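Undergrad: For reference, this is query_31.txt, and it has compact mmCIF, N, CA and C atoms.
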```
# COMPACT_ATOMS: atom_id res chain seq x y z
N ALA L 1 0.82 -1.19 0.00
CA ALA L 1 0.00 0.00 0.00
C ALA L 1 0.86 1.25 0.00
N ALA L 2 1.97 1.21 0.75
CA ALA L 2 2.86 2.37 0.79
C ALA L 2 3.48 2.61 -0.58
N PHE L 3 3.80 1.53 -1.28
CA PHE L 3 4.39 1.65 -2.61
C PHE L 3 3.42 2.33 -3.57
N VAL L 4 2.15 1.89 -3.55
CA VAL L 4 1.14 2.47 -4.43
C VAL L 4 0.91 3.93 -4.06
N ASN L 5 0.84 4.23 -2.77
CA ASN L 5 0.65 5.62 -2.33
C ASN L 5 1.82 6.50 -2.77
N ALA L 6 3.02 5.96 -2.73
CA ALA L 6 4.19 6.73 -3.16
C ALA L 6 4.09 7.03 -4.65
N LEU L 7 3.60 6.05 -5.44
CA LEU L 7 3.42 6.29 -6.87
C LEU L 7 2.35 7.34 -7.11
N ARG L 8 1.28 7.29 -6.36
CA ARG L 8 0.20 8.26 -6.52
C ARG L 8 0.64 9.66 -6.12
N ALA L 9 1.49 9.75 -5.10
CA ALA L 9 1.95 11.05 -4.61
C ALA L 9 2.87 11.72 -5.63
N ASN L 10 3.50 10.93 -6.47
CA ASN L 10 4.40 11.47 -7.49
C ASN L 10 3.55 12.13 -8.56
N GLU L 11 3.63 13.46 -8.64
CA GLU L 11 2.73 14.21 -9.52
C GLU L 11 3.14 14.16 -10.98
N HIS L 12 4.39 13.88 -11.27
CA HIS L 12 4.78 13.85 -12.68
C HIS L 12 4.59 12.44 -13.24
N THR L 13 4.44 12.35 -14.53
CA THR L 13 4.19 11.09 -15.19
C THR L 13 5.46 10.24 -15.16
N VAL L 14 5.27 8.95 -14.85
CA VAL L 14 6.38 8.02 -14.78
C VAL L 14 6.41 7.23 -16.09
N PRO L 15 7.55 7.14 -16.75
CA PRO L 15 7.62 6.34 -17.97
C PRO L 15 7.31 4.87 -17.67
N LEU L 16 6.75 4.19 -18.64
CA LEU L 16 6.34 2.80 -18.48
C LEU L 16 7.49 1.91 -18.03
N GLU L 17 8.66 2.09 -18.61
CA GLU L 17 9.81 1.27 -18.26
C GLU L 17 10.20 1.46 -16.79
N VAL L 18 10.14 2.69 -16.32
CA VAL L 18 10.46 2.97 -14.92
C VAL L 18 9.43 2.32 -14.01
N ALA L 19 8.13 2.45 -14.37
CA ALA L 19 7.07 1.85 -13.55
C ALA L 19 7.24 0.33 -13.52
N GLN L 20 7.57 -0.29 -14.68
CA GLN L 20 7.78 -1.74 -14.71
C GLN L 20 8.94 -2.13 -13.80
N GLY L 21 10.01 -1.37 -13.85
CA GLY L 21 11.17 -1.66 -13.00
C GLY L 21 10.82 -1.56 -11.54
N GLN L 22 10.07 -0.53 -11.17
CA GLN L 22 9.67 -0.35 -9.77
C GLN L 22 8.74 -1.48 -9.32
N LEU L 23 7.84 -1.88 -10.21
CA LEU L 23 6.92 -2.98 -9.87
C LEU L 23 7.68 -4.30 -9.74
N ARG L 24 8.65 -4.55 -10.61
CA ARG L 24 9.47 -5.78 -10.48
C ARG L 24 10.24 -5.77 -9.16
N HIS L 25 10.79 -4.64 -8.81
CA HIS L 25 11.51 -4.52 -7.54
C HIS L 25 10.57 -4.79 -6.36
N GLN L 26 9.36 -4.22 -6.41
CA GLN L 26 8.37 -4.43 -5.35
C GLN L 26 7.98 -5.90 -5.27
N LEU L 27 7.81 -6.56 -6.44
CA LEU L 27 7.48 -7.98 -6.47
C LEU L 27 8.57 -8.81 -5.82
N SER L 28 9.81 -8.49 -6.13
CA SER L 28 10.93 -9.21 -5.51
C SER L 28 10.91 -9.04 -4.00
N ALA L 29 10.63 -7.83 -3.53
CA ALA L 29 10.59 -7.57 -2.09
C ALA L 29 9.46 -8.37 -1.44
N LEU L 30 8.31 -8.43 -2.10
CA LEU L 30 7.18 -9.20 -1.55
C LEU L 30 7.48 -10.69 -1.52
N LYS L 31 8.12 -11.20 -2.56
CA LYS L 31 8.50 -12.62 -2.58
C LYS L 31 9.45 -12.93 -1.44
N GLN L 32 10.40 -12.05 -1.21
CA GLN L 32 11.36 -12.25 -0.13
C GLN L 32 10.65 -12.28 1.22
N GLN L 33 9.69 -11.38 1.41
CA GLN L 33 8.91 -11.36 2.67
C GLN L 33 8.14 -12.67 2.84
N LEU L 34 7.59 -13.18 1.74
CA LEU L 34 6.85 -14.44 1.80
C LEU L 34 7.78 -15.58 2.19
N TYR L 35 8.93 -15.67 1.57
CA TYR L 35 9.90 -16.71 1.91
C TYR L 35 10.29 -16.63 3.38
N GLU L 36 10.50 -15.42 3.88
CA GLU L 36 10.86 -15.25 5.29
C GLU L 36 9.75 -15.71 6.22
N LEU L 37 8.50 -15.40 5.85
CA LEU L 37 7.37 -15.84 6.67
C LEU L 37 7.27 -17.36 6.70
N ILE L 38 7.45 -17.98 5.54
CA ILE L 38 7.37 -19.45 5.46
C ILE L 38 8.49 -20.06 6.28
N ASN L 39 9.71 -19.56 6.12
CA ASN L 39 10.85 -20.12 6.82
C ASN L 39 10.82 -19.85 8.31
N ALA L 40 10.14 -18.79 8.75
CA ALA L 40 10.07 -18.45 10.17
C ALA L 40 9.40 -19.56 10.96
N ASP L 41 8.37 -20.20 10.38
CA ASP L 41 7.68 -21.29 11.07
C ASP L 41 7.40 -22.39 10.05
N TYR L 42 8.48 -22.93 9.49
CA TYR L 42 8.37 -23.91 8.42
C TYR L 42 7.58 -25.15 8.82
N PRO L 43 7.80 -25.71 10.03
CA PRO L 43 7.02 -26.91 10.40
C PRO L 43 5.51 -26.65 10.40
N GLN L 44 5.10 -25.50 10.89
CA GLN L 44 3.67 -25.19 10.90
C GLN L 44 3.14 -25.01 9.46
N PHE L 45 3.95 -24.39 8.61
CA PHE L 45 3.57 -24.21 7.21
C PHE L 45 3.40 -25.58 6.54
N MET L 46 4.32 -26.49 6.80
CA MET L 46 4.24 -27.83 6.20
C MET L 46 3.05 -28.60 6.76
N ALA L 47 2.75 -28.44 8.05
CA ALA L 47 1.60 -29.11 8.64
C ALA L 47 0.31 -28.62 7.97
N LEU L 48 0.27 -27.33 7.71
CA LEU L 48 -0.89 -26.77 7.01
C LEU L 48 -0.99 -27.35 5.61
N ALA L 49 0.14 -27.41 4.92
CA ALA L 49 0.15 -27.95 3.56
C ALA L 49 -0.27 -29.41 3.55
N VAL L 50 0.23 -30.20 4.50
CA VAL L 50 -0.14 -31.62 4.58
C VAL L 50 -1.62 -31.75 4.92
N GLY L 51 -2.10 -30.88 5.81
CA GLY L 51 -3.52 -30.93 6.19
C GLY L 51 -4.45 -30.61 5.02
N LEU L 52 -3.95 -29.86 4.07
CA LEU L 52 -4.76 -29.51 2.91
C LEU L 52 -4.71 -30.56 1.81
N GLN L 53 -3.80 -31.52 1.94
CA GLN L 53 -3.72 -32.57 0.91
C GLN L 53 -5.00 -33.40 0.92
N GLY L 54 -5.52 -33.65 -0.24
CA GLY L 54 -6.73 -34.45 -0.37
C GLY L 54 -8.01 -33.65 -0.25
N VAL L 55 -7.88 -32.38 0.10
CA VAL L 55 -9.08 -31.55 0.24
C VAL L 55 -9.79 -31.41 -1.09
N GLU L 56 -9.03 -31.29 -2.16
CA GLU L 56 -9.64 -31.12 -3.48
C GLU L 56 -10.47 -32.35 -3.86
N GLU L 57 -9.93 -33.55 -3.57
CA GLU L 57 -10.68 -34.77 -3.87
C GLU L 57 -11.94 -34.87 -3.02
N LYS L 58 -11.79 -34.52 -1.74
CA LYS L 58 -12.95 -34.56 -0.85
C LYS L 58 -14.02 -33.57 -1.30
N ALA L 59 -13.57 -32.39 -1.67
CA ALA L 59 -14.52 -31.39 -2.16
C ALA L 59 -15.13 -31.86 -3.47
N GLY L 60 -14.33 -32.51 -4.31
CA GLY L 60 -14.84 -33.02 -5.59
C GLY L 60 -15.91 -34.08 -5.38
N SER L 61 -15.76 -34.90 -4.33
CA SER L 61 -16.76 -35.94 -4.08
C SER L 61 -18.09 -35.34 -3.64
N LEU L 62 -18.05 -34.12 -3.13
CA LEU L 62 -19.29 -33.44 -2.73
C LEU L 62 -19.95 -32.73 -3.91
N ARG L 63 -19.22 -32.58 -4.99
CA ARG L 63 -19.71 -31.79 -6.14
C ARG L 63 -21.01 -32.36 -6.69
N VAL L 64 -21.05 -33.68 -6.96
CA VAL L 64 -22.24 -34.28 -7.56
C VAL L 64 -23.45 -34.17 -6.64
N PRO L 65 -23.34 -34.53 -5.35
CA PRO L 65 -24.51 -34.36 -4.48
C PRO L 65 -24.97 -32.91 -4.37
N LEU L 66 -24.01 -31.98 -4.33
CA LEU L 66 -24.38 -30.57 -4.24
C LEU L 66 -25.07 -30.09 -5.52
N LEU L 67 -24.61 -30.57 -6.66
CA LEU L 67 -25.27 -30.21 -7.92
C LEU L 67 -26.68 -30.78 -7.97
N GLU L 68 -26.84 -32.03 -7.47
CA GLU L 68 -28.17 -32.63 -7.43
C GLU L 68 -29.09 -31.86 -6.49
N LEU L 69 -28.54 -31.46 -5.35
CA LEU L 69 -29.32 -30.67 -4.40
C LEU L 69 -29.71 -29.34 -5.01
N SER L 70 -28.78 -28.71 -5.70
CA SER L 70 -29.06 -27.44 -6.36
C SER L 70 -30.16 -27.61 -7.40
N SER L 71 -30.08 -28.69 -8.16
CA SER L 71 -31.10 -28.96 -9.18
C SER L 71 -32.47 -29.17 -8.53
N CYS L 72 -32.50 -29.92 -7.44
CA CYS L 72 -33.77 -30.14 -6.72
C CYS L 72 -34.33 -28.82 -6.19
N CYS L 73 -33.44 -27.97 -5.69
CA CYS L 73 -33.88 -26.67 -5.18
C CYS L 73 -34.49 -25.83 -6.29
N GLU L 74 -33.87 -25.87 -7.47
CA GLU L 74 -34.40 -25.11 -8.60
C GLU L 74 -35.78 -25.63 -8.99
N VAL L 75 -35.96 -26.96 -8.99
CA VAL L 75 -37.27 -27.55 -9.31
C VAL L 75 -38.29 -27.12 -8.27
N MET L 76 -37.91 -27.18 -6.99
CA MET L 76 -38.83 -26.78 -5.93
C MET L 76 -39.18 -25.31 -6.03
N GLN L 77 -38.21 -24.48 -6.38
CA GLN L 77 -38.49 -23.05 -6.56
C GLN L 77 -39.49 -22.84 -7.68
N GLY L 78 -39.34 -23.61 -8.76
CA GLY L 78 -40.29 -23.51 -9.87
C GLY L 78 -41.69 -23.89 -9.44
N HIS L 79 -41.80 -25.00 -8.68
CA HIS L 79 -43.11 -25.41 -8.17
C HIS L 79 -43.69 -24.36 -7.24
N ALA L 80 -42.86 -23.84 -6.36
CA ALA L 80 -43.33 -22.82 -5.41
C ALA L 80 -43.79 -21.57 -6.15
N ARG L 81 -43.06 -21.19 -7.19
CA ARG L 81 -43.44 -20.01 -7.97
C ARG L 81 -44.79 -20.23 -8.66
N ARG L 82 -44.95 -21.43 -9.26
CA ARG L 82 -46.23 -21.72 -9.93
C ARG L 82 -47.37 -21.79 -8.91
N ASN L 83 -47.12 -22.38 -7.74
CA ASN L 83 -48.16 -22.44 -6.71
C ASN L 83 -48.54 -21.05 -6.23
N ARG L 84 -47.53 -20.19 -6.06
CA ARG L 84 -47.81 -18.81 -5.64
C ARG L 84 -48.65 -18.09 -6.69
N GLU L 85 -48.29 -18.26 -7.96
CA GLU L 85 -49.05 -17.62 -9.03
C GLU L 85 -50.49 -18.14 -9.06
N TYR L 86 -50.65 -19.45 -8.87
CA TYR L 86 -51.99 -20.05 -8.84
C TYR L 86 -52.80 -19.47 -7.67
N LEU L 87 -52.16 -19.42 -6.49
CA LEU L 87 -52.86 -18.89 -5.31
C LEU L 87 -53.22 -17.42 -5.48
N GLU L 88 -52.31 -16.65 -6.08
CA GLU L 88 -52.61 -15.23 -6.31
C GLU L 88 -53.79 -15.09 -7.26
N THR L 89 -53.84 -15.92 -8.30
CA THR L 89 -54.97 -15.88 -9.23
C THR L 89 -56.26 -16.27 -8.53
N GLU L 90 -56.21 -17.31 -7.72
CA GLU L 90 -57.39 -17.75 -6.98
C GLU L 90 -57.86 -16.67 -6.00
N MET L 91 -56.90 -16.02 -5.33
CA MET L 91 -57.26 -14.96 -4.38
C MET L 91 -57.92 -13.79 -5.11
N ARG L 92 -57.37 -13.42 -6.28
CA ARG L 92 -58.01 -12.34 -7.05
C ARG L 92 -59.42 -12.74 -7.44
N GLY L 93 -59.60 -14.01 -7.86
CA GLY L 93 -60.94 -14.49 -8.20
C GLY L 93 -61.87 -14.46 -7.01
N ARG L 94 -61.37 -14.84 -5.86
CA ARG L 94 -62.19 -14.83 -4.64
C ARG L 94 -62.58 -13.40 -4.26
N ILE L 95 -61.63 -12.49 -4.37
CA ILE L 95 -61.93 -11.08 -4.05
C ILE L 95 -62.99 -10.56 -5.00
N ASN L 96 -62.86 -10.87 -6.30
CA ASN L 96 -63.86 -10.42 -7.28
C ASN L 96 -65.23 -11.02 -6.97
N THR L 97 -65.24 -12.28 -6.56
CA THR L 97 -66.50 -12.93 -6.19
C THR L 97 -67.12 -12.26 -4.97
N GLN L 98 -66.29 -11.92 -3.99
CA GLN L 98 -66.79 -11.25 -2.79
C GLN L 98 -67.36 -9.87 -3.14
N ILE L 99 -66.71 -9.17 -4.04
CA ILE L 99 -67.21 -7.86 -4.46
C ILE L 99 -68.57 -8.02 -5.13
N LYS L 100 -68.69 -9.00 -6.01
CA LYS L 100 -69.97 -9.25 -6.69
C LYS L 100 -71.04 -9.68 -5.69
N GLN L 101 -70.65 -10.50 -4.72
CA GLN L 101 -71.60 -10.95 -3.70
C GLN L 101 -72.13 -9.76 -2.90
N ARG L 102 -71.23 -8.85 -2.50
CA ARG L 102 -71.68 -7.67 -1.75
C ARG L 102 -72.62 -6.81 -2.61
N GLY L 103 -72.33 -6.70 -3.90
CA GLY L 103 -73.21 -5.94 -4.79
C GLY L 103 -74.58 -6.59 -4.88
N LEU L 104 -74.61 -7.91 -4.99
CA LEU L 104 -75.90 -8.62 -5.04
C LEU L 104 -76.66 -8.46 -3.72
N GLU L 105 -75.95 -8.53 -2.60
CA GLU L 105 -76.60 -8.35 -1.30
C GLU L 105 -77.22 -6.96 -1.20
N ARG L 106 -76.51 -5.93 -1.68
CA ARG L 106 -77.06 -4.57 -1.66
C ARG L 106 -78.32 -4.49 -2.55
N CYS L 107 -78.25 -5.14 -3.71
CA CYS L 107 -79.41 -5.14 -4.61
C CYS L 107 -80.60 -5.83 -3.95
N LEU L 108 -80.35 -6.95 -3.28
CA LEU L 108 -81.43 -7.66 -2.60
C LEU L 108 -82.02 -6.82 -1.47
N ARG L 109 -81.16 -6.14 -0.68
CA ARG L 109 -81.68 -5.28 0.38
C ARG L 109 -82.52 -4.14 -0.22
N PHE L 110 -82.02 -3.55 -1.30
CA PHE L 110 -82.75 -2.48 -1.95
C PHE L 110 -84.09 -2.99 -2.47
N SER L 111 -84.08 -4.18 -3.07
CA SER L 111 -85.32 -4.77 -3.59
C SER L 111 -86.31 -5.04 -2.46
N THR L 112 -85.79 -5.53 -1.33
CA THR L 112 -86.66 -5.80 -0.18
C THR L 112 -87.26 -4.50 0.36
N ILE L 113 -86.42 -3.47 0.49
CA ILE L 113 -86.90 -2.16 0.97
C ILE L 113 -87.92 -1.58 0.00
N LEU L 114 -87.66 -1.70 -1.29
CA LEU L 114 -88.59 -1.20 -2.30
C LEU L 114 -89.92 -1.95 -2.22
N HIS L 115 -89.86 -3.26 -2.07
CA HIS L 115 -91.08 -4.06 -1.96
C HIS L 115 -91.89 -3.67 -0.72
N GLU L 116 -91.18 -3.50 0.42
CA GLU L 116 -91.87 -3.10 1.65
C GLU L 116 -92.48 -1.70 1.51
N THR L 117 -91.77 -0.81 0.83
CA THR L 117 -92.29 0.55 0.58
C THR L 117 -93.53 0.48 -0.29
N GLU L 118 -93.51 -0.35 -1.33
CA GLU L 118 -94.68 -0.51 -2.20
C GLU L 118 -95.87 -1.02 -1.41
N ILE L 119 -95.64 -1.95 -0.49
CA ILE L 119 -96.74 -2.48 0.33
C ILE L 119 -97.31 -1.37 1.20
N LEU L 120 -96.42 -0.56 1.81
CA LEU L 120 -96.88 0.53 2.66
C LEU L 120 -97.69 1.56 1.87
N LEU L 121 -97.27 1.79 0.62
CA LEU L 121 -97.96 2.78 -0.21
C LEU L 121 -99.18 2.18 -0.92
N GLY L 122 -99.34 0.89 -0.80
CA GLY L 122 -100.49 0.25 -1.44
C GLY L 122 -100.30 0.05 -2.92
N ILE L 123 -99.08 -0.05 -3.38
CA ILE L 123 -98.81 -0.26 -4.80
C ILE L 123 -98.75 -1.76 -5.04
N VAL L 124 -99.62 -2.24 -5.95
CA VAL L 124 -99.66 -3.65 -6.30
C VAL L 124 -99.39 -3.75 -7.79
N ASP L 125 -98.47 -4.57 -8.18
CA ASP L 125 -98.12 -4.76 -9.59
C ASP L 125 -97.86 -3.44 -10.29
N GLY L 126 -97.18 -2.52 -9.62
CA GLY L 126 -96.79 -1.26 -10.24
C GLY L 126 -97.90 -0.23 -10.29
N GLU L 127 -99.14 -0.54 -9.79
CA GLU L 127 -100.24 0.44 -9.81
C GLU L 127 -100.64 0.76 -8.39
N LEU L 128 -100.92 2.02 -8.17
CA LEU L 128 -101.33 2.50 -6.86
C LEU L 128 -102.74 2.02 -6.56
N ASN L 129 -102.91 1.35 -5.44
CA ASN L 129 -104.20 0.85 -5.02
C ASN L 129 -104.71 1.78 -3.92
N MET L 130 -105.77 2.55 -4.18
CA MET L 130 -106.27 3.58 -3.26
C MET L 130 -107.33 3.01 -2.31
N GLY L 131 -107.31 1.74 -2.12
CA GLY L 131 -108.31 1.18 -1.18
C GLY L 131 -109.68 1.09 -1.80
N GLU L 132 -109.77 0.85 -3.11
CA GLU L 132 -111.06 0.74 -3.78
C GLU L 132 -111.79 -0.48 -3.25
N GLY L 133 -113.02 -0.33 -3.08
CA GLY L 133 -113.80 -1.48 -2.78
C GLY L 133 -114.87 -1.35 -1.89
```
Show how you would write the structure in this file as structure tokens.
TA:
Amino acid sequence: AAFVNALRANEHTVPLEVAQGQLRHQLSALKQQLYELINADYPQFMALAVGLQGVEEKAGSLRVPLLELSSCCEVMQGHARRNREYLETEMRGRINTQIKQRGLERCLRFSTILHETEILLGIVDGELNMGEG
């Protein structure tokens, strides 16, 4: 990070060859630091390396079951999506039916009130009955 910051702080343009040389030098320094870290605790580094042996094969043996599981999950997601769409359609249909039902109930109440009003007014079959007789 200090190397990059030093390059950024340099306000004048650096020729490509100079930048390549500086980057090669920095790479060499980083490689040397890595070698020193490995050599500082070589037995632990080797134990880690030995512990990682066979991990690729073990992970590879899990690949097929994980792919099958992934495929099953995709199928289940598809079913769930279709079920959700079906339920949403059914719910919209139910809501529309409830709206129509409430409209019919209002019409029936209005018809009942109208019929009772006609009886009170003495209207029979659409004609006013004035109590003739």
Undergrad: Could you please write out, as a count of residues only, every residue of chain L that DSSP assigns to alpha helix (DSSP H)?
TA: 111
Undergrad: One decimal, in Å: what's the spacing between atom C of Asn96 in chain L and atom N of Ala80 in chain L?
TA: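 If I compute the distance from atom C of Asn96 in chain L to atom N of Ala80 in chain L, I get 25.8 Å.
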Undergrad: Atom C of Phe110 in chain L to atom C of Ile95 in chain L: how many Å, to one decimal?
TA: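 Between atom C of Phe110 in chain L and atom C of Ile95 in chain L the gap works out to 22.6 Å.
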Undergrad: Report the distance between CA of Thr112 in chain L and CA of Asp125 in chain L in Å, rounded to one decimal place.
TA: 14.9 Å
Undergrad: List every residue of chain L that DSSP, applied to the backbone of this structure, places in strand (DSSP E or B), and write the result as a list in words.
TA: Ile123, Val124, Glu127 and Leu128 of chain L
Undergrad: Give me a file of those residues, with N, CA and C atoms, as a CSV table (one decimal), keeping the file's coordinate frame.
TA:
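Below is the file selection.csv, written as the result:
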```csv
chain,number,residue,atom,x,y,z
L,123,ILE,N,-99.1,0.0,-3.4
L,123,ILE,CA,-98.8,-0.3,-4.8
L,123,ILE,C,-98.8,-1.8,-5.0
L,124,VAL,N,-99.6,-2.2,-6.0
L,124,VAL,CA,-99.7,-3.6,-6.3
L,124,VAL,C,-99.4,-3.8,-7.8
L,127,GLU,N,-99.1,-0.5,-9.8
L,127,GLU,CA,-100.2,0.4,-9.8
L,127,GLU,C,-100.6,0.8,-8.4
L,128,LEU,N,-100.9,2.0,-8.2
L,128,LEU,CA,-101.3,2.5,-6.9
L,128,LEU,C,-102.7,2.0,-6.6
```
Undergrad: Keeping N, CA, C and O atoms (and nothing else), can you write range 50-73 of chain L of this structure as a PDB file, in the first residue's frame?
TA:
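In the end it all went to result.pdb:
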```
ATOM      1  N   VAL L  50       0.232 -30.200   4.499  1.00  0.00           N
ATOM      2  CA  VAL L  50      -0.135 -31.616   4.583  1.00  0.00           C
ATOM      3  C   VAL L  50      -1.618 -31.748   4.924  1.00  0.00           C
ATOM      4  O   VAL L  50      -2.320 -32.599   4.376  1.00  0.00           O
ATOM      5  N   GLY L  51      -2.102 -30.881   5.806  1.00  0.00           N
ATOM      6  CA  GLY L  51      -3.521 -30.925   6.187  1.00  0.00           C
ATOM      7  C   GLY L  51      -4.446 -30.612   5.022  1.00  0.00           C
ATOM      8  O   GLY L  51      -5.587 -31.066   4.983  1.00  0.00           O
ATOM      9  N   LEU L  52      -3.949 -29.863   4.068  1.00  0.00           N
ATOM     10  CA  LEU L  52      -4.764 -29.511   2.907  1.00  0.00           C
ATOM     11  C   LEU L  52      -4.707 -30.556   1.805  1.00  0.00           C
ATOM     12  O   LEU L  52      -5.481 -30.495   0.856  1.00  0.00           O
ATOM     13  N   GLN L  53      -3.801 -31.523   1.936  1.00  0.00           N
ATOM     14  CA  GLN L  53      -3.723 -32.569   0.912  1.00  0.00           C
ATOM     15  C   GLN L  53      -4.999 -33.396   0.919  1.00  0.00           C
ATOM     16  O   GLN L  53      -5.512 -33.764   1.972  1.00  0.00           O
ATOM     17  N   GLY L  54      -5.517 -33.650  -0.239  1.00  0.00           N
ATOM     18  CA  GLY L  54      -6.734 -34.454  -0.370  1.00  0.00           C
ATOM     19  C   GLY L  54      -8.011 -33.650  -0.253  1.00  0.00           C
ATOM     20  O   GLY L  54      -9.093 -34.178  -0.456  1.00  0.00           O
ATOM     21  N   VAL L  55      -7.883 -32.380   0.105  1.00  0.00           N
ATOM     22  CA  VAL L  55      -9.083 -31.547   0.245  1.00  0.00           C
ATOM     23  C   VAL L  55      -9.794 -31.410  -1.091  1.00  0.00           C
ATOM     24  O   VAL L  55     -11.021 -31.456  -1.163  1.00  0.00           O
ATOM     25  N   GLU L  56      -9.030 -31.289  -2.159  1.00  0.00           N
ATOM     26  CA  GLU L  56      -9.638 -31.123  -3.484  1.00  0.00           C
ATOM     27  C   GLU L  56     -10.466 -32.353  -3.858  1.00  0.00           C
ATOM     28  O   GLU L  56     -11.574 -32.227  -4.369  1.00  0.00           O
ATOM     29  N   GLU L  57      -9.930 -33.547  -3.566  1.00  0.00           N
ATOM     30  CA  GLU L  57     -10.678 -34.770  -3.872  1.00  0.00           C
ATOM     31  C   GLU L  57     -11.940 -34.870  -3.016  1.00  0.00           C
ATOM     32  O   GLU L  57     -13.002 -35.258  -3.497  1.00  0.00           O
ATOM     33  N   LYS L  58     -11.789 -34.518  -1.738  1.00  0.00           N
ATOM     34  CA  LYS L  58     -12.953 -34.560  -0.851  1.00  0.00           C
ATOM     35  C   LYS L  58     -14.017 -33.571  -1.298  1.00  0.00           C
ATOM     36  O   LYS L  58     -15.204 -33.891  -1.306  1.00  0.00           O
ATOM     37  N   ALA L  59     -13.568 -32.389  -1.675  1.00  0.00           N
ATOM     38  CA  ALA L  59     -14.519 -31.388  -2.162  1.00  0.00           C
ATOM     39  C   ALA L  59     -15.134 -31.856  -3.470  1.00  0.00           C
ATOM     40  O   ALA L  59     -16.331 -31.647  -3.722  1.00  0.00           O
ATOM     41  N   GLY L  60     -14.333 -32.510  -4.312  1.00  0.00           N
ATOM     42  CA  GLY L  60     -14.838 -33.022  -5.586  1.00  0.00           C
ATOM     43  C   GLY L  60     -15.905 -34.083  -5.383  1.00  0.00           C
ATOM     44  O   GLY L  60     -16.861 -34.180  -6.160  1.00  0.00           O
ATOM     45  N   SER L  61     -15.756 -34.897  -4.325  1.00  0.00           N
ATOM     46  CA  SER L  61     -16.756 -35.936  -4.075  1.00  0.00           C
ATOM     47  C   SER L  61     -18.087 -35.336  -3.635  1.00  0.00           C
ATOM     48  O   SER L  61     -19.129 -35.971  -3.756  1.00  0.00           O
ATOM     49  N   LEU L  62     -18.050 -34.117  -3.128  1.00  0.00           N
ATOM     50  CA  LEU L  62     -19.289 -33.438  -2.735  1.00  0.00           C
ATOM     51  C   LEU L  62     -19.951 -32.728  -3.906  1.00  0.00           C
ATOM     52  O   LEU L  62     -21.113 -32.325  -3.820  1.00  0.00           O
ATOM     53  N   ARG L  63     -19.216 -32.577  -4.993  1.00  0.00           N
ATOM     54  CA  ARG L  63     -19.711 -31.793  -6.135  1.00  0.00           C
ATOM     55  C   ARG L  63     -21.011 -32.360  -6.694  1.00  0.00           C
ATOM     56  O   ARG L  63     -21.983 -31.638  -6.885  1.00  0.00           O
ATOM     57  N   VAL L  64     -21.046 -33.676  -6.958  1.00  0.00           N
ATOM     58  CA  VAL L  64     -22.237 -34.282  -7.560  1.00  0.00           C
ATOM     59  C   VAL L  64     -23.447 -34.168  -6.636  1.00  0.00           C
ATOM     60  O   VAL L  64     -24.512 -33.714  -7.066  1.00  0.00           O
ATOM     61  N   PRO L  65     -23.336 -34.530  -5.351  1.00  0.00           N
ATOM     62  CA  PRO L  65     -24.515 -34.360  -4.485  1.00  0.00           C
ATOM     63  C   PRO L  65     -24.967 -32.906  -4.372  1.00  0.00           C
ATOM     64  O   PRO L  65     -26.161 -32.633  -4.334  1.00  0.00           O
ATOM     65  N   LEU L  66     -24.007 -31.979  -4.332  1.00  0.00           N
ATOM     66  CA  LEU L  66     -24.383 -30.569  -4.240  1.00  0.00           C
ATOM     67  C   LEU L  66     -25.070 -30.095  -5.515  1.00  0.00           C
ATOM     68  O   LEU L  66     -26.029 -29.315  -5.459  1.00  0.00           O
ATOM     69  N   LEU L  67     -24.611 -30.565  -6.662  1.00  0.00           N
ATOM     70  CA  LEU L  67     -25.272 -30.212  -7.924  1.00  0.00           C
ATOM     71  C   LEU L  67     -26.684 -30.783  -7.970  1.00  0.00           C
ATOM     72  O   LEU L  67     -27.614 -30.133  -8.435  1.00  0.00           O
ATOM     73  N   GLU L  68     -26.843 -32.026  -7.473  1.00  0.00           N
ATOM     74  CA  GLU L  68     -28.173 -32.631  -7.433  1.00  0.00           C
ATOM     75  C   GLU L  68     -29.089 -31.856  -6.492  1.00  0.00           C
ATOM     76  O   GLU L  68     -30.250 -31.612  -6.809  1.00  0.00           O
ATOM     77  N   LEU L  69     -28.544 -31.465  -5.348  1.00  0.00           N
ATOM     78  CA  LEU L  69     -29.319 -30.672  -4.399  1.00  0.00           C
ATOM     79  C   LEU L  69     -29.715 -29.339  -5.009  1.00  0.00           C
ATOM     80  O   LEU L  69     -30.856 -28.891  -4.880  1.00  0.00           O
ATOM     81  N   SER L  70     -28.782 -28.712  -5.703  1.00  0.00           N
ATOM     82  CA  SER L  70     -29.064 -27.439  -6.360  1.00  0.00           C
ATOM     83  C   SER L  70     -30.161 -27.608  -7.402  1.00  0.00           C
ATOM     84  O   SER L  70     -31.077 -26.782  -7.508  1.00  0.00           O
ATOM     85  N   SER L  71     -30.084 -28.694  -8.160  1.00  0.00           N
ATOM     86  CA  SER L  71     -31.101 -28.957  -9.181  1.00  0.00           C
ATOM     87  C   SER L  71     -32.469 -29.171  -8.532  1.00  0.00           C
ATOM     88  O   SER L  71     -33.481 -28.644  -9.009  1.00  0.00           O
ATOM     89  N   CYS L  72     -32.504 -29.917  -7.441  1.00  0.00           N
ATOM     90  CA  CYS L  72     -33.769 -30.139  -6.724  1.00  0.00           C
ATOM     91  C   CYS L  72     -34.328 -28.820  -6.194  1.00  0.00           C
ATOM     92  O   CYS L  72     -35.534 -28.583  -6.253  1.00  0.00           O
ATOM     93  N   CYS L  73     -33.440 -27.970  -5.692  1.00  0.00           N
ATOM     94  CA  CYS L  73     -33.882 -26.670  -5.176  1.00  0.00           C
ATOM     95  C   CYS L  73     -34.485 -25.832  -6.294  1.00  0.00           C
ATOM     96  O   CYS L  73     -35.503 -25.161  -6.094  1.00  0.00           O
TER      97      CYS L  73
END
```
